[in-house]
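Trainee: Just my_file.cif, nothing more (mmCIF, C-alpha atoms):
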data_start
#
loop_
_atom_site.label_atom_id
_atom_site.label_comp_id
_atom_site.auth_asym_id
_atom_site.auth_seq_id
_atom_site.Cartn_x
_atom_site.Cartn_y
_atom_site.Cartn_z
CA MET Q 1 -4.43 27.81 10.52
CA MET Q 2 -2.39 28.68 7.43
CA GLY Q 3 0.03 25.88 8.27
CA GLY Q 4 -2.89 23.44 8.44
CA LEU Q 5 -4.10 24.41 4.97
CA VAL Q 6 -0.61 23.98 3.54
CA GLU Q 7 -0.41 20.53 5.15
CA VAL Q 8 -3.77 19.51 3.68
CA ALA Q 9 -2.72 20.66 0.21
CA ALA Q 10 0.61 18.82 0.55
CA ALA Q 11 -1.26 15.69 1.65
CA PHE Q 12 -3.33 15.88 -1.54
CA VAL Q 13 -0.28 16.19 -3.80
CA GLY Q 14 1.63 13.48 -1.92
CA THR Q 15 -1.26 11.02 -2.06
CA LEU Q 16 -1.74 11.77 -5.75
CA GLY Q 17 1.92 10.88 -6.28
CA PHE Q 18 1.43 7.52 -4.59
CA GLY Q 19 -1.64 6.97 -6.78
CA PHE Q 20 0.65 7.23 -9.82
CA LEU Q 21 3.22 4.84 -8.31
CA PHE Q 22 0.47 2.28 -7.57
CA ASN Q 23 -0.92 2.53 -11.13
CA ILE Q 24 -4.31 3.93 -10.21
CA ARG Q 25 -6.03 5.41 -13.26
CA GLY Q 26 -8.79 7.82 -14.26
CA LYS Q 27 -11.28 9.20 -11.78
CA LYS Q 28 -10.22 6.62 -9.21
CA LEU Q 29 -6.91 8.50 -8.99
CA LEU Q 30 -8.68 11.73 -8.11
CA LEU Q 31 -10.96 10.01 -5.59
CA ALA Q 32 -7.98 8.33 -3.92
CA ALA Q 33 -6.08 11.62 -3.61
CA LEU Q 34 -9.18 13.35 -2.24
CA GLY Q 35 -9.45 10.55 0.33
CA GLY Q 36 -5.88 11.23 1.45
CA MET Q 37 -6.55 14.93 1.70
CA MET Q 38 -9.73 14.43 3.69
CA SER Q 39 -8.17 12.04 6.16
CA TRP Q 40 -5.54 14.63 7.05
CA LEU Q 41 -8.17 17.41 7.22
CA LEU Q 42 -10.24 15.25 9.58
CA PHE Q 43 -7.16 14.51 11.68
CA LEU Q 44 -6.45 18.24 12.07
CA LEU Q 45 -10.07 19.11 12.83
CA LEU Q 46 -10.32 16.35 15.44
CA GLY Q 47 -7.32 17.97 17.10
CA PHE Q 48 -9.64 20.68 18.43
CA VAL Q 49 -11.66 18.19 20.49
CA ILE Q 50 -9.42 15.18 21.11
CA GLU Q 51 -5.94 15.46 22.44
CA GLN Q 52 -4.53 11.91 22.09
CA GLU Q 53 -3.14 11.29 18.60
CA ALA Q 54 -3.80 7.55 18.76
CA VAL Q 55 -7.55 8.12 19.29
CA ARG Q 56 -7.61 10.56 16.37
CA TYR Q 57 -5.78 8.00 14.21
CA PHE Q 58 -8.39 5.40 15.14
CA ILE Q 59 -11.31 7.66 14.18
CA VAL Q 60 -9.68 8.81 10.94
CA ALA Q 61 -9.01 5.17 10.01
CA ILE Q 62 -12.69 4.35 10.51
CA MET Q 63 -13.89 7.30 8.44
CA SER Q 64 -11.50 6.73 5.56
CA THR Q 65 -12.36 3.02 5.46
CA VAL Q 66 -16.03 3.95 5.18
CA TYR Q 67 -15.06 6.38 2.40
CA ALA Q 68 -13.11 3.61 0.64
CA GLU Q 69 -15.87 1.01 0.91
CA VAL Q 70 -18.59 3.41 -0.26
CA PHE Q 71 -16.69 4.77 -3.26
CA ALA Q 72 -15.46 1.27 -4.13
CA ARG Q 73 -19.11 0.39 -4.69
CA VAL Q 74 -19.86 3.62 -6.56
CA VAL Q 75 -17.08 3.24 -9.13
CA LYS Q 76 -16.98 -0.61 -8.96
CA THR Q 77 -13.40 -1.29 -7.90
CA PRO Q 78 -11.91 -3.19 -4.94
CA ALA Q 79 -11.87 -1.11 -1.74
CA THR Q 80 -8.10 -1.65 -1.59
CA THR Q 81 -7.73 1.02 -4.30
CA PHE Q 82 -8.65 3.76 -1.86
CA CYS Q 83 -7.60 2.04 1.37
CA MET Q 84 -3.98 1.75 0.23
CA VAL Q 85 -3.46 5.44 -0.46
CA SER Q 86 -5.95 7.43 1.57
CA LEU Q 87 -4.17 6.70 4.85
CA ILE Q 88 -0.68 7.53 3.54
CA PRO Q 89 -0.57 11.01 5.15
CA LEU Q 90 -0.96 9.22 8.49
CA VAL Q 91 2.06 6.96 7.92
CA PRO Q 92 4.50 7.93 10.66
CA GLY Q 93 7.46 8.76 8.41
CA SER Q 94 8.90 11.46 10.62
CA ALA Q 95 8.60 9.20 13.68
CA LEU Q 96 10.76 6.60 11.91
CA TYR Q 97 13.33 9.22 10.96
CA TYR Q 98 13.57 10.66 14.47
CA SER Q 99 13.78 7.17 16.02
CA MET Q 100 16.80 6.53 13.79
CA ALA Q 101 18.33 9.84 14.74
CA TYR Q 102 17.81 9.16 18.46
CA ALA Q 103 19.21 5.63 18.20
CA LEU Q 104 22.36 7.01 16.54
CA GLY Q 105 22.62 9.85 18.99
CA GLY Q 106 22.76 7.27 21.77
CA SER Q 107 19.62 8.49 23.56
CA PHE Q 108 17.99 5.10 23.94
CA GLU Q 109 15.09 6.16 26.14
CA GLU Q 110 13.90 8.64 23.55
CA PHE Q 111 14.43 6.05 20.80
CA ALA Q 112 12.35 3.40 22.61
CA GLY Q 113 9.65 5.97 23.36
CA LYS Q 114 9.42 7.11 19.76
CA ALA Q 115 9.48 3.57 18.35
CA LEU Q 116 6.75 2.36 20.71
CA TYR Q 117 4.70 5.45 19.92
CA THR Q 118 4.97 4.66 16.19
CA LEU Q 119 3.73 1.14 16.88
CA GLU Q 120 0.84 2.47 18.96
CA LEU Q 121 -0.28 4.76 16.13
CA THR Q 122 -0.01 1.94 13.58
CA ALA Q 123 -2.05 -0.37 15.81
CA ALA Q 124 -4.75 2.30 16.23
CA LEU Q 125 -4.81 2.73 12.46
CA SER Q 126 -5.20 -0.96 11.64
CA MET Q 127 -7.77 -1.60 14.38
CA GLY Q 128 -9.87 1.23 12.96
CA ILE Q 129 -9.62 -0.30 9.48
CA VAL Q 130 -10.58 -3.80 10.67
CA LEU Q 131 -13.53 -2.59 12.73
CA ALA Q 132 -14.90 -0.31 10.01
CA THR Q 133 -14.42 -2.90 7.24
CA ALA Q 134 -16.34 -5.53 9.20
CA CYS Q 135 -19.20 -3.15 10.05
CA VAL Q 136 -19.52 -1.67 6.57
CA ARG Q 137 -19.55 -5.11 4.91
CA TYR Q 138 -22.28 -6.36 7.27
CA ILE Q 139 -24.36 -3.28 6.53
CA PHE Q 140 -23.96 -3.62 2.75
CA ALA Q 141 -24.74 -7.36 2.91
CA PHE Q 142 -27.84 -6.54 4.94
CA ILE Q 143 -28.98 -3.91 2.40
CA ALA Q 144 -28.39 -6.31 -0.50
CA LYS Q 145 -30.49 -8.96 1.26
CA ARG Q 146 -33.34 -6.54 1.88
CA LYS Q 147 -33.29 -5.45 -1.76
CA GLY Q 148 -33.33 -9.07 -2.90
CA ARG Q 149 -36.44 -9.76 -0.86
CA ASN Q 150 -38.48 -6.82 -2.14
CA MET P 151 -14.72 -27.68 -13.10
CA THR P 152 -11.79 -29.19 -15.02
CA GLU P 153 -8.04 -29.36 -14.51
CA ARG P 154 -7.61 -26.74 -17.25
CA LEU P 155 -10.04 -24.36 -15.63
CA LEU P 156 -8.48 -24.79 -12.20
CA ASN P 157 -5.16 -23.97 -13.84
CA CYS P 158 -6.62 -20.63 -14.97
CA VAL P 159 -8.12 -19.96 -11.56
CA MET P 160 -4.72 -20.57 -9.95
CA GLU P 161 -3.13 -18.11 -12.36
CA ILE P 162 -5.75 -15.50 -11.48
CA ALA P 163 -5.15 -16.02 -7.76
CA LYS P 164 -1.38 -15.83 -8.20
CA ARG P 165 -1.63 -12.63 -10.21
CA MET P 166 -3.98 -11.11 -7.63
CA ILE P 167 -1.47 -11.69 -4.84
CA GLU P 168 1.37 -10.36 -6.99
CA VAL P 169 -0.41 -7.06 -7.63
CA GLY P 170 -1.27 -6.54 -3.97
CA ALA P 171 -4.72 -8.00 -3.26
CA GLU P 172 -5.71 -8.79 0.31
CA ILE P 173 -5.22 -12.49 1.08
CA HIS P 174 -8.73 -12.66 2.46
CA ARG P 175 -10.12 -11.37 -0.85
CA VAL P 176 -8.11 -13.89 -2.90
CA GLU P 177 -9.36 -16.86 -0.87
CA ASP P 178 -12.90 -15.53 -1.08
CA SER P 179 -12.72 -15.02 -4.86
CA VAL P 180 -11.37 -18.51 -5.56
CA GLY P 181 -14.05 -20.00 -3.32
CA ARG P 182 -16.82 -18.18 -5.16
CA ILE P 183 -15.50 -19.17 -8.59
CA CYS P 184 -15.34 -22.86 -7.58
CA LYS P 185 -18.88 -22.69 -6.26
CA ALA P 186 -20.13 -21.00 -9.44
CA TYR P 187 -18.66 -23.80 -11.56
CA GLY P 188 -20.50 -26.39 -9.49
CA ALA P 189 -17.77 -27.71 -7.22
CA LYS P 190 -19.10 -29.69 -4.25
CA HIS P 191 -16.37 -28.51 -1.97
CA ALA P 192 -13.28 -26.31 -2.11
CA ASP P 193 -10.41 -25.80 0.31
CA ILE P 194 -8.25 -22.76 -0.29
CA TYR P 195 -5.20 -21.68 1.60
CA ALA P 196 -3.22 -18.62 0.54
CA THR P 197 -0.33 -16.64 1.94
CA ILE P 198 1.78 -13.99 0.23
CA SER P 199 4.24 -16.64 -0.93
CA ASN P 200 2.08 -19.60 -1.93
CA ILE P 201 -1.44 -20.76 -2.63
CA VAL P 202 -2.98 -24.25 -2.44
CA VAL P 203 -6.45 -25.14 -3.74
CA SER P 204 -8.17 -28.49 -3.46
CA VAL P 205 -11.55 -28.90 -5.16
CA GLU P 206 -14.04 -31.72 -5.31
CA THR P 207 -15.84 -31.36 -8.66
CA ALA P 208 -19.50 -32.09 -9.33
CA GLU P 209 -18.45 -35.50 -10.77
CA GLY P 210 -16.66 -36.35 -7.53
CA VAL P 211 -13.09 -35.97 -8.83
CA VAL P 212 -10.67 -34.25 -6.47
CA LEU P 213 -8.30 -31.72 -8.07
CA THR P 214 -5.41 -30.10 -6.23
CA GLN P 215 -2.97 -27.47 -7.45
CA SER P 216 -0.51 -25.13 -5.85
CA ARG P 217 1.47 -22.07 -6.92
CA ARG P 218 4.60 -20.42 -5.57
CA ILE P 219 4.50 -16.61 -5.55
CA LYS P 220 7.74 -14.70 -5.70
CA LYS P 221 6.81 -11.25 -6.92
CA SER P 222 5.07 -8.62 -4.87
CA GLY P 223 4.04 -5.08 -5.61
CA THR P 224 1.09 -2.77 -6.03
CA ASP P 225 -0.68 -2.43 -9.36
CA ILE P 226 -4.24 -1.29 -8.73
CA GLU P 227 -5.29 -1.22 -12.40
CA SER P 228 -4.42 -4.92 -12.83
CA LEU P 229 -6.16 -5.73 -9.55
CA ASP P 230 -9.25 -3.91 -10.77
CA ARG P 231 -9.32 -5.89 -14.02
CA LEU P 232 -8.72 -9.23 -12.27
CA ASN P 233 -11.56 -8.37 -9.97
CA SER P 234 -14.01 -7.80 -12.83
CA LEU P 235 -12.84 -11.06 -14.46
CA VAL P 236 -13.66 -12.86 -11.21
CA ARG P 237 -17.07 -11.20 -11.12
CA ARG P 238 -17.79 -12.23 -14.72
CA MET P 239 -16.73 -15.83 -13.98
CA THR P 240 -19.07 -16.11 -10.99
CA GLU P 241 -21.94 -14.61 -12.97
CA ARG P 242 -21.83 -16.48 -16.27
CA CYS P 243 -19.16 -19.18 -16.05
CA PRO P 244 -17.13 -18.67 -19.29
CA ASP P 245 -15.07 -21.70 -20.43
CA ALA P 246 -11.35 -22.18 -19.81
CA GLU P 247 -10.32 -20.86 -23.27
CA GLU P 248 -12.12 -17.57 -22.78
CA VAL P 249 -10.72 -17.13 -19.27
CA ARG P 250 -7.22 -17.85 -20.54
CA GLU P 251 -7.58 -15.17 -23.26
CA GLU P 252 -8.86 -12.62 -20.74
CA LEU P 253 -5.97 -13.39 -18.42
CA GLU P 254 -3.44 -12.85 -21.22
CA LYS P 255 -5.05 -9.46 -21.88
CA ILE P 256 -4.83 -8.53 -18.18
CA LYS P 257 -1.13 -9.43 -18.11
CA LYS P 258 -0.62 -6.65 -20.67
CA THR P 259 -2.33 -4.02 -18.49
CA PRO P 260 -0.69 -0.65 -19.20
CA ASN P 261 1.38 1.02 -16.50
CA TYR P 262 2.55 4.63 -16.40
CA PRO P 263 5.86 5.04 -18.28
CA ALA P 264 9.07 4.93 -16.20
CA TRP P 265 9.75 8.67 -16.39
CA VAL P 266 6.31 9.46 -14.94
CA GLY P 267 7.09 7.16 -12.00
CA ILE P 268 10.47 8.83 -11.50
CA ALA P 269 8.94 12.31 -11.68
CA PHE P 270 6.36 11.36 -9.09
CA TYR P 271 9.04 10.13 -6.70
CA GLY P 272 10.18 13.75 -6.81
CA VAL P 273 6.67 15.13 -6.38
CA ILE P 274 6.02 12.85 -3.39
CA ALA P 275 9.29 13.90 -1.75
CA GLY P 276 8.56 17.59 -2.30
CA ALA P 277 4.98 17.32 -1.04
CA PHE P 278 5.90 15.42 2.12
CA CYS P 279 8.84 17.74 2.77
CA VAL P 280 6.29 20.56 2.98
CA PHE P 281 3.89 18.33 4.89
CA PHE P 282 6.38 17.62 7.66
CA GLY P 283 7.37 21.24 8.09
CA GLY P 284 9.87 22.17 5.33
CA ARG P 285 8.66 25.63 4.36
CA THR P 286 11.65 27.21 2.63
CA PHE P 287 11.89 27.27 -1.14
CA ALA P 288 15.37 25.71 -1.12
CA GLU P 289 14.22 22.73 0.94
CA ILE P 290 11.31 21.97 -1.39
CA ILE P 291 13.39 22.22 -4.55
CA ILE P 292 16.14 20.04 -3.10
CA ALA P 293 13.65 17.46 -1.83
CA LEU P 294 12.16 17.32 -5.33
CA PHE P 295 15.58 16.98 -6.96
CA ILE P 296 16.72 14.23 -4.57
CA GLY P 297 13.35 12.52 -5.00
CA VAL P 298 13.90 12.27 -8.74
CA LEU P 299 17.36 10.74 -8.18
CA VAL P 300 15.93 8.27 -5.65
CA GLY P 301 13.28 7.40 -8.26
CA ILE P 302 16.03 6.68 -10.81
CA VAL P 303 17.83 4.44 -8.29
CA ALA P 304 14.53 2.64 -7.56
CA LYS P 305 13.88 2.06 -11.29
CA LEU P 306 17.46 0.80 -11.79
CA ASN P 307 16.93 -1.62 -8.90
CA GLU P 308 13.82 -2.91 -10.65
CA ARG P 309 15.63 -3.20 -13.98
CA PHE P 310 18.58 -5.18 -12.55
CA LYS P 311 16.39 -7.20 -10.17
CA VAL P 312 18.33 -6.07 -7.11
CA ASN P 313 17.36 -7.74 -3.85
CA LYS P 314 14.49 -5.84 -2.24
CA LEU P 315 16.32 -5.02 1.00
CA LEU P 316 19.52 -3.96 -0.75
CA GLY P 317 17.48 -1.83 -3.15
CA ARG P 318 15.73 -0.03 -0.32
CA PHE P 319 19.09 0.51 1.38
CA LEU P 320 20.56 2.06 -1.78
CA CYS P 321 17.57 4.41 -2.15
CA SER P 322 17.79 5.51 1.46
CA PHE P 323 21.56 5.95 1.22
CA THR P 324 21.18 8.14 -1.88
CA ALA P 325 18.56 10.32 -0.18
CA CYS P 326 20.50 10.75 3.09
CA CYS P 327 23.89 11.32 1.44
CA LEU P 328 22.59 14.00 -0.92
CA GLY P 329 20.61 15.64 1.88
CA PHE P 330 23.74 15.85 4.06
CA MET P 331 25.79 17.13 1.11
CA PHE P 332 23.44 20.06 0.53
CA VAL P 333 23.68 20.95 4.21
CA LYS P 334 27.49 20.86 4.01
CA MET P 335 27.29 23.11 0.96
CA ARG P 336 25.12 25.43 3.10
CA VAL P 337 22.24 25.44 0.64
CA ILE P 338 19.86 24.36 3.41
CA LEU P 339 20.16 24.64 7.18
CA THR P 340 18.87 21.20 8.12
CA ALA P 341 18.44 17.98 6.17
CA ASP P 342 15.61 16.63 8.38
CA ASN P 343 12.59 17.63 6.30
CA VAL P 344 14.26 16.83 3.00
CA ILE P 345 15.18 13.33 4.15
CA ILE P 346 11.78 12.67 5.77
CA GLY P 347 10.04 13.70 2.54
CA ASN P 348 12.17 11.23 0.61
CA ILE P 349 11.79 8.46 3.17
CA MET P 350 7.99 8.61 2.79
CA SER P 351 8.14 6.91 -0.61
CA LEU P 352 10.47 4.23 0.80
CA ILE P 353 9.04 3.27 4.19
CA PRO P 354 6.79 0.24 4.37
CA GLY P 355 3.96 2.17 6.04
CA VAL P 356 1.27 0.50 3.96
CA GLY P 357 2.94 -2.87 4.53
CA LEU P 358 2.99 -2.43 8.29
CA THR P 359 -0.65 -1.35 8.43
CA ASN P 360 -1.68 -4.25 6.19
CA SER P 361 0.30 -6.73 8.28
CA LEU P 362 -1.45 -5.68 11.48
CA ARG P 363 -4.80 -5.79 9.70
CA ASP P 364 -4.07 -9.34 8.55
CA LEU P 365 -3.19 -10.33 12.11
CA PHE P 366 -6.40 -8.83 13.44
CA THR P 367 -8.58 -10.52 10.81
CA GLY P 368 -7.08 -13.95 11.45
CA ASP P 369 -4.65 -14.38 8.51
CA SER P 370 -1.88 -14.84 11.04
CA VAL P 371 0.74 -16.41 8.76
CA THR P 372 0.44 -13.64 6.19
CA GLY P 373 0.38 -11.04 8.95
CA ALA P 374 3.58 -12.43 10.47
CA LEU P 375 5.35 -12.61 7.08
CA ARG P 376 4.31 -9.09 6.18
CA SER P 377 5.31 -7.57 9.51
CA ILE P 378 8.75 -9.19 9.41
CA GLU P 379 9.20 -7.86 5.88
CA ALA P 380 8.14 -4.36 6.99
CA ILE P 381 10.56 -4.40 9.93
CA LEU P 382 13.44 -5.56 7.72
CA LEU P 383 12.70 -2.84 5.16
CA ALA P 384 12.65 -0.22 7.92
CA LEU P 385 16.03 -1.55 9.10
CA ALA P 386 17.40 -1.32 5.55
CA ILE P 387 16.33 2.32 5.39
CA ALA P 388 17.87 2.99 8.80
CA SER P 389 21.14 1.39 7.63
CA GLY P 390 21.31 3.85 4.75
CA TYR P 391 21.00 6.69 7.23
CA ILE P 392 23.53 5.19 9.64
CA LEU P 393 26.14 4.68 6.92
CA THR P 394 25.69 8.29 5.82
CA VAL P 395 26.17 9.57 9.36
CA TYR P 396 29.41 7.59 9.67
CA LEU P 397 30.67 8.81 6.30
CA PHE P 398 30.02 12.42 7.24
CA GLY P 399 31.44 11.91 10.74
CA GLY P 400 28.25 12.72 12.63
CA ALA P 401 24.77 14.04 11.94
CA VAL P 402 24.60 17.48 10.37
#
Step by step, read the file and then write its structure as structure tokens.
Mentor:
Amino acid sequence: MMGGLVEVAAAFVGTLGFGFLFNIRGKKLLLAALGGMMSWLLFLLLGFVIEQEAVRYFIVAIMSTVYAEVFARVVKTPATTFCMVSLIPLVPGSALYYSMAYALGGSFEEFAGKALYTLELTAALSMGIVLATACVRYIFAFIAKRKGRN
Amino acid sequence: MTERLLNCVMEIAKRMIEVGAEIHRVEDSVGRICKAYGAKHADIYATISNIVVSVETAEGVVLTQSRRIKKSGTDIESLDRLNSLVRRMTERCPDAEEVREELEKIKKTPNYPAWVGIAFYGVIAGAFCVFFGGRTFAEIIIALFIGVLVGIVAKLNERFKVNKLLGRFLCSFTACCLGFMFVKMRVILTADNVIIGNIMSLIPGVGLTNSLRDLFTGDSVTGALRSIEAILLALAIASGYILTVYLFGGAV
């Protein structure tokens, strides 16, 4: 429990750091960091109901894309602003490190397993983004059309 | 639509790709601008390294221009401003002079000063060291310290225009070497979390995700280019680690 809270706080600080590196400014910076924090919080909470990490990655990707698209319209900025950073806590950095360590240690089965697993997570992540982006854009286009008619 | 205006539009598109816009968005923006200025027909093809636009104007003249793109990076503030320029152009069609002036202004978009960037390399490393399980005070402080040094190496690479792969290798080598050194000096028990924290600011995670997204949405050329770049960058980072292990005669 405590560990989870520490992770969420660290995710916030880490995402904020990336916001600075990517030259995000003003309240967009705060919103982007909050997005990163929430995607990790959601990932941890989903852990209580869903066991497979890839499925959780997929769902988190969908939710944070929706977050990005909605707030992009609220503060009038491209959705990329939030998309780029809010999924950073999900980037499999440790998986990459351990794959390297396994490869050097000569345990090739473990290396291949870890590397494939990394790819699986990344695929889940990007499929979630694509699906959610398409759906959200259709919905917003639909709303805009309805408004135009009234 | 005139040759001069198309010239400006090409510059906008080029700049958008350079600061990290999605290819899909760039093609879409150029298409909408051409339509707003009364073009009968516009064909746009963009990848991360070049862009070609062919427009048939309202008078029936066909204009074609292309640009080669060599820079790549992420600068959200510039992207944001380019985006509002595009929106203004589609709404009220300013003339080429005005667009040119706006573009010059956007090129001078402020960025955070170098020391802020360097400091945040440290903050990122510290935060992700904690995130991936480094809970001792020594680990966090060392991750922060190494992060700052990696940030300095990254800025030096930018300054001297070092090849992207070599630059990433140098950053990774710095992080791994220092991490191993602190273990040898018995300041920390294991270098794992410290190195992972530092690797987070180096790995092409965003690049890999974007490349797969491009592949799924049909921008296959861009997707392929981006994924190859991401794999090469990951290999460069791994090489830094491998060299360190050999120098220290085995993992510590």
Trainee: Residues of chain P no more than 8 Å from chain Q, counting all atoms listed in the file: send them over as a PyMOL selection string.
Mentor: chain P and resi 171-172+224-227+229-230+233+261-262+266-267+270-271+273-275+277-278+280-282+346+349-351+353+355-356+358-360+362-363+366-367+388+391-392
Trainee: Can those selected residues be exported to a file as a PDB file, in the frame of the given file so that it contains C-alpha atoms?
Mentor:
ATOM      1  CA  ALA P 171      -4.720  -8.000  -3.260  1.00  0.00           C
ATOM      2  CA  GLU P 172      -5.710  -8.790   0.310  1.00  0.00           C
ATOM      3  CA  THR P 224       1.090  -2.770  -6.030  1.00  0.00           C
ATOM      4  CA  ASP P 225      -0.680  -2.430  -9.360  1.00  0.00           C
ATOM      5  CA  ILE P 226      -4.240  -1.290  -8.730  1.00  0.00           C
ATOM      6  CA  GLU P 227      -5.290  -1.220 -12.400  1.00  0.00           C
ATOM      7  CA  LEU P 229      -6.160  -5.730  -9.550  1.00  0.00           C
ATOM      8  CA  ASP P 230      -9.250  -3.910 -10.770  1.00  0.00           C
ATOM      9  CA  ASN P 233     -11.560  -8.370  -9.970  1.00  0.00           C
ATOM     10  CA  ASN P 261       1.380   1.020 -16.500  1.00  0.00           C
ATOM     11  CA  TYR P 262       2.550   4.630 -16.400  1.00  0.00           C
ATOM     12  CA  VAL P 266       6.310   9.460 -14.940  1.00  0.00           C
ATOM     13  CA  GLY P 267       7.090   7.160 -12.000  1.00  0.00           C
ATOM     14  CA  PHE P 270       6.360  11.360  -9.090  1.00  0.00           C
ATOM     15  CA  TYR P 271       9.040  10.130  -6.700  1.00  0.00           C
ATOM     16  CA  VAL P 273       6.670  15.130  -6.380  1.00  0.00           C
ATOM     17  CA  ILE P 274       6.020  12.850  -3.390  1.00  0.00           C
ATOM     18  CA  ALA P 275       9.290  13.900  -1.750  1.00  0.00           C
ATOM     19  CA  ALA P 277       4.980  17.320  -1.040  1.00  0.00           C
ATOM     20  CA  PHE P 278       5.900  15.420   2.120  1.00  0.00           C
ATOM     21  CA  VAL P 280       6.290  20.560   2.980  1.00  0.00           C
ATOM     22  CA  PHE P 281       3.890  18.330   4.890  1.00  0.00           C
ATOM     23  CA  PHE P 282       6.380  17.620   7.660  1.00  0.00           C
ATOM     24  CA  ILE P 346      11.780  12.670   5.770  1.00  0.00           C
ATOM     25  CA  ILE P 349      11.790   8.460   3.170  1.00  0.00           C
ATOM     26  CA  MET P 350       7.990   8.610   2.790  1.00  0.00           C
ATOM     27  CA  SER P 351       8.140   6.910  -0.610  1.00  0.00           C
ATOM     28  CA  ILE P 353       9.040   3.270   4.190  1.00  0.00           C
ATOM     29  CA  GLY P 355       3.960   2.170   6.040  1.00  0.00           C
ATOM     30  CA  VAL P 356       1.270   0.500   3.960  1.00  0.00           C
ATOM     31  CA  LEU P 358       2.990  -2.430   8.290  1.00  0.00           C
ATOM     32  CA  THR P 359      -0.650  -1.350   8.430  1.00  0.00           C
ATOM     33  CA  ASN P 360      -1.680  -4.250   6.190  1.00  0.00           C
ATOM     34  CA  LEU P 362      -1.450  -5.680  11.480  1.00  0.00           C
ATOM     35  CA  ARG P 363      -4.800  -5.790   9.700  1.00  0.00           C
ATOM     36  CA  PHE P 366      -6.400  -8.830  13.440  1.00  0.00           C
ATOM     37  CA  THR P 367      -8.580 -10.520  10.810  1.00  0.00           C
ATOM     38  CA  ALA P 388      17.870   2.990   8.800  1.00  0.00           C
ATOM     39  CA  TYR P 391      21.000   6.690   7.230  1.00  0.00           C
ATOM     40  CA  ILE P 392      23.530   5.190   9.640  1.00  0.00           C
TER      41      ILE P 392
END
Trainee: Using the chain letters and numbers from the file, which residues does the PyMOL selection byres ((chain P and resi 174) around 9) grab, as a JSON list (two decimals) with C-alpha atoms, in the frame of the given file?
Mentor:
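Generated file (result.json):
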[["chain", "number", "residue", "atom", "x", "y", "z"],
["P", 171, "ALA", "CA", -4.72, -8.00, -3.26],
["P", 172, "GLU", "CA", -5.71, -8.79, 0.31],
["P", 173, "ILE", "CA", -5.22, -12.49, 1.08],
["P", 175, "ARG", "CA", -10.12, -11.37, -0.85],
["P", 176, "VAL", "CA", -8.11, -13.89, -2.90],
["P", 177, "GLU", "CA", -9.36, -16.86, -0.87],
["P", 178, "ASP", "CA", -12.90, -15.53, -1.08],
["P", 179, "SER", "CA", -12.72, -15.02, -4.86],
["P", 196, "ALA", "CA", -3.22, -18.62, 0.54],
["P", 364, "ASP", "CA", -4.07, -9.34, 8.55],
["P", 367, "THR", "CA", -8.58, -10.52, 10.81],
["P", 369, "ASP", "CA", -4.65, -14.38, 8.51]]
Trainee: Atom CA of Q:Leu44 and atom CA of Q:Leu5, how far apart in Å?
Mentor: 9.7 Å
Trainee: Enumerate, as a list in words, the residues matched when the PyMOL selection byres ((chain P and resi 220-222) around 8) is run on the file above.
Mentor: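 For this structure, the PyMOL selection byres ((chain P and resi 220-222) around 8) captures Ile167, Glu168, Val169, Gly170, Ser199, Arg218, Ile219, Gly223 and Thr224 of chain P.
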Trainee: Given the PyMOL selection byres ((chain P and resi 161) around 12) and the file above, list the residues it selects as number ranges by chain.
Mentor: P: 154-160, 162-168, 176, 180, 200-203, 215-219, 232, 236, 246, 249-250, 252-254, 256-257
Trainee: Report, in Å to a single decimal, how far apart atom CA of Q:Val74 and atom CA of P:Cys184 are.
Mentor: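 Interatomic distance, atom CA of P:Cys184 to atom CA of Q:Val74: 26.9 Å.
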Trainee: Within 9 Å of Q:Val66, counting only C-alpha atoms, which residues qualify if same-chain residues fewer than 2 places away don't, as a ChimeraX atom specification?
Mentor: /Q:61-64,68-71,129,132-133,136
Trainee: Calculate how many Å separate atom CA of P:Arg318 from atom CA of Q:Glu109, rounding to one decimal.
Mentor: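 Separation between atom CA of P:Arg318 and atom CA of Q:Glu109: 27.2 Å.
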Trainee: In terms of the shortest atom-to-atom distance over only C-alpha atoms, which of P:Gly276, P:Arg238, P:Thr197, P:Gly400 is closest to P:Val298?
Mentor: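 Looking at the shortest contact to P:Val298, the residue is P:Gly276.
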Trainee: Can you list, as number ranges by chain, every protein, DNA or RNA residue that comes within 6 Å of P:Ala208 when you count all atoms listed in the file, leaving out same-chain residues fewer than 5 positions away?
Mentor: P: 188-190
Trainee: Would you write out those residues with C-alpha atoms, as an mmCIF file, in the coordinates of the input?
Mentor:
data_model
loop_
_atom_site.group_PDB
_atom_site.id
_atom_site.type_symbol
_atom_site.label_atom_id
_atom_site.label_comp_id
_atom_site.auth_asym_id
_atom_site.auth_seq_id
_atom_site.Cartn_x
_atom_site.Cartn_y
_atom_site.Cartn_z
ATOM 1 C CA GLY P 188 -20.500 -26.390 -9.490
ATOM 2 C CA ALA P 189 -17.770 -27.710 -7.220
ATOM 3 C CA LYS P 190 -19.100 -29.690 -4.250
#
Trainee: Could you list, as a list in words, every residue within 9 Å of P:Ala304, counting all atoms listed in the file and ignoring same-chain residues fewer than 2 positions away?
Mentor: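 So, after excluding close chain neighbours, the residues are Ile268, Leu299, Val300, Gly301, Ile302, Leu306, Asn307, Glu308, Arg309, Gly317, Arg318, Leu320 and Cys321 of chain P.
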Trainee: Just checking: using all atoms listed in the file, which residue out of P:Tyr187, P:Phe398, P:Phe323, P:Tyr195 ends up closest to P:Thr372?
Mentor: P:Tyr195
Trainee: Let me make sure I understand: among Q:Arg137, Q:Ala112, Q:Arg149, Q:Tyr67, which one has the smallest atom-to-atom distance to Q:Gly35 if we use all atoms listed in the file?
Mentor: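 Distance minimum relative to Q:Gly35 lands on Q:Tyr67.
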